[in-house]
Amino acid sequence: MPDPYTPKLSSFKYTATERRAINWALKQKKPWMVDKLKKRDLTSQEQTYVKAIVGFKIRVKTFHAKRQNNRCCYCGQSLFNRTIEQDREHIIPKAKKKSLIFAVFNLAVACKTCNMSIKKSQISHLRGFRRSGLRDPKVILNSKNYNIPHPNIHDWEEHMDYSSSSKGRATVTHYQPKTTRGRFAYYFFKLDDQEEFANTEEQRKIRGAQPLHPRLVELRDTYKQ
Ligand SMILES: [Zn+2]
């Protein structure tokens, strides 16, 4: 599997404690959200696992942010400049493949706009994942099975040109998809909407009281995030 970014995926090592904690978490109803469980309902061993999961989530986010040069894996915008926080992104949704929830290959960092633009169970960005596909590791690791540039397999810039220019006091972002995958991502993540969107601290100041794009407010309300 090609890996265009550094540090390499293969350099990420799970500690023995993390492995045990992940095995335990995967048996829970919501493995990724075990840190939301009530402490009083957990044994001291389970509390140790939760601590390890919290640590893992921070560590893996830092790892991916570095690989992505602190840019959203889907829209390429700086994760420092967004109006709202960044999210750990599961490329194959959590609900679709439990065993990949803590897999570094299936994780990335996305801005909240892109993250929320994808309906949680949506898999139209995946190819060949229906039925047997999700059970076969070869299908999961095959770059051809992703309709979008996969944050850990494809080099985003080979699929998308991205530039910013000034329009009055605001910065306008332009996306120019270069490939079929780039075009798919452009429409899938509604990057055309983001082109006119205030992305920087400076623009937020100009916009004053209305920091969120109206579509984002709508999505936030829909998904209660
Ligand atoms: Zn984004």
# chains A, B, ... in the order shown; residues from 1 in each chain; ligands from 1
call {"tool": "closest_atom_pairs", "arguments": {"of": "chain A", "to": "ligand 1", "cutoff": "10 Å", "atoms": "only C-alpha atoms and all ligand atoms", "output": "CSV"}}
result
residue,atom,partner,partner_atom_place_in_ligand_line,distance
A:Arg71,CA,ligand 1,1 (Zn),7.8
A:Cys72,CA,ligand 1,1 (Zn),4.6
A:Cys73,CA,ligand 1,1 (Zn),6.5
A:Tyr74,CA,ligand 1,1 (Zn),5.0
A:Cys75,CA,ligand 1,1 (Zn),4.0
A:Gly76,CA,ligand 1,1 (Zn),6.1
A:Gln77,CA,ligand 1,1 (Zn),6.0
A:Ser78,CA,ligand 1,1 (Zn),8.4
A:Leu79,CA,ligand 1,1 (Zn),8.2
A:Arg82,CA,ligand 1,1 (Zn),8.9
A:Gln86,CA,ligand 1,1 (Zn),8.6
A:Asp87,CA,ligand 1,1 (Zn),9.6
A:Val109,CA,ligand 1,1 (Zn),8.8
A:Ala110,CA,ligand 1,1 (Zn),5.3
A:Cys111,CA,ligand 1,1 (Zn),4.2
A:Lys112,CA,ligand 1,1 (Zn),6.7
A:Thr113,CA,ligand 1,1 (Zn),5.6
A:Cys114,CA,ligand 1,1 (Zn),4.3
A:Asn115,CA,ligand 1,1 (Zn),7.0
A:Met116,CA,ligand 1,1 (Zn),9.4
A:Ser117,CA,ligand 1,1 (Zn),9.1
A:Phe189,CA,ligand 1,1 (Zn),7.8
A:Lys190,CA,ligand 1,1 (Zn),9.8
A:Leu191,CA,ligand 1,1 (Zn),8.4
A:Gln194,CA,ligand 1,1 (Zn),8.8
call {"tool": "residues_around", "arguments": {"residues": "Thr179 (chain A)", "least_positions_apart": "4", "cutoff": "8 Å", "atoms": "only C-alpha atoms", "output": "NGL selection string"}}
result
:A and (158-160 or 183)
call {"tool": "write_last_selection", "arguments": {"atoms": "N, CA and C atoms", "output": "PDB file, in the first residue's frame"}}
result
ATOM      1  N   GLU A 158      -2.192  15.489  -5.561  1.00  0.00           N
ATOM      2  CA  GLU A 158      -2.209  14.921  -6.911  1.00  0.00           C
ATOM      3  C   GLU A 158      -3.631  14.892  -7.476  1.00  0.00           C
ATOM      4  N   HIS A 159      -4.594  15.097  -6.586  1.00  0.00           N
ATOM      5  CA  HIS A 159      -6.001  15.026  -7.007  1.00  0.00           C
ATOM      6  C   HIS A 159      -6.699  16.381  -7.010  1.00  0.00           C
ATOM      7  N   MET A 160      -6.075  17.353  -6.367  1.00  0.00           N
ATOM      8  CA  MET A 160      -6.750  18.632  -6.205  1.00  0.00           C
ATOM      9  C   MET A 160      -5.750  19.795  -6.194  1.00  0.00           C
ATOM     10  N   ARG A 183     -12.605  15.192  -8.236  1.00  0.00           N
ATOM     11  CA  ARG A 183     -13.943  15.704  -8.569  1.00  0.00           C
ATOM     12  C   ARG A 183     -14.992  15.119  -7.631  1.00  0.00           C
TER      13      ARG A 183
END
call {"tool": "closest_residue", "arguments": {"among": "A:Asn69, A:Ser99, A:Ser10, A:Thr171", "to": "Ile22 (chain A)", "atoms": "only C-alpha atoms"}}
result
A:Ser99
call {"tool": "residues_around", "arguments": {"residues": "Tyr146 (chain A)", "least_positions_apart": "4", "cutoff": "9 Å", "atoms": "only C-alpha atoms", "output": "list in words"}}
result
His125, Leu126, Arg127, Gly128, Ile140, Asn142, His150 and Arg181 of chain A
call {"tool": "closest_residue", "arguments": {"among": "A:Lys29, A:Arg67, A:Lys61, A:Arg20", "to": "Lys8 (chain A)", "atoms": "only C-alpha atoms"}}
result
A:Arg67
call {"tool": "residues_around", "arguments": {"residues": "Lys98 (chain A)", "least_positions_apart": "4", "cutoff": "10 Å", "atoms": "only C-alpha atoms", "output": "ChimeraX atom specification"}}
result
/A:26-27,30-32,92-94,102-103
call {"tool": "atom_distance", "arguments": {"atom1": "CA of Gln68 (chain A)", "atom2": "CA of Phe12 (chain A)"}}
result
14.7 Å
call {"tool": "select_by_dssp", "arguments": {"residues": "region 6-196 of chain A", "states": "helix (DSSP H, G or I)", "output": "PyMOL selection string"}}
result
chain A and resi 9-11+16-25+31-36+39-41+44-67+98-100+104-106+112-117+131-135+137-141+143-145+156-159+180-188+191-194
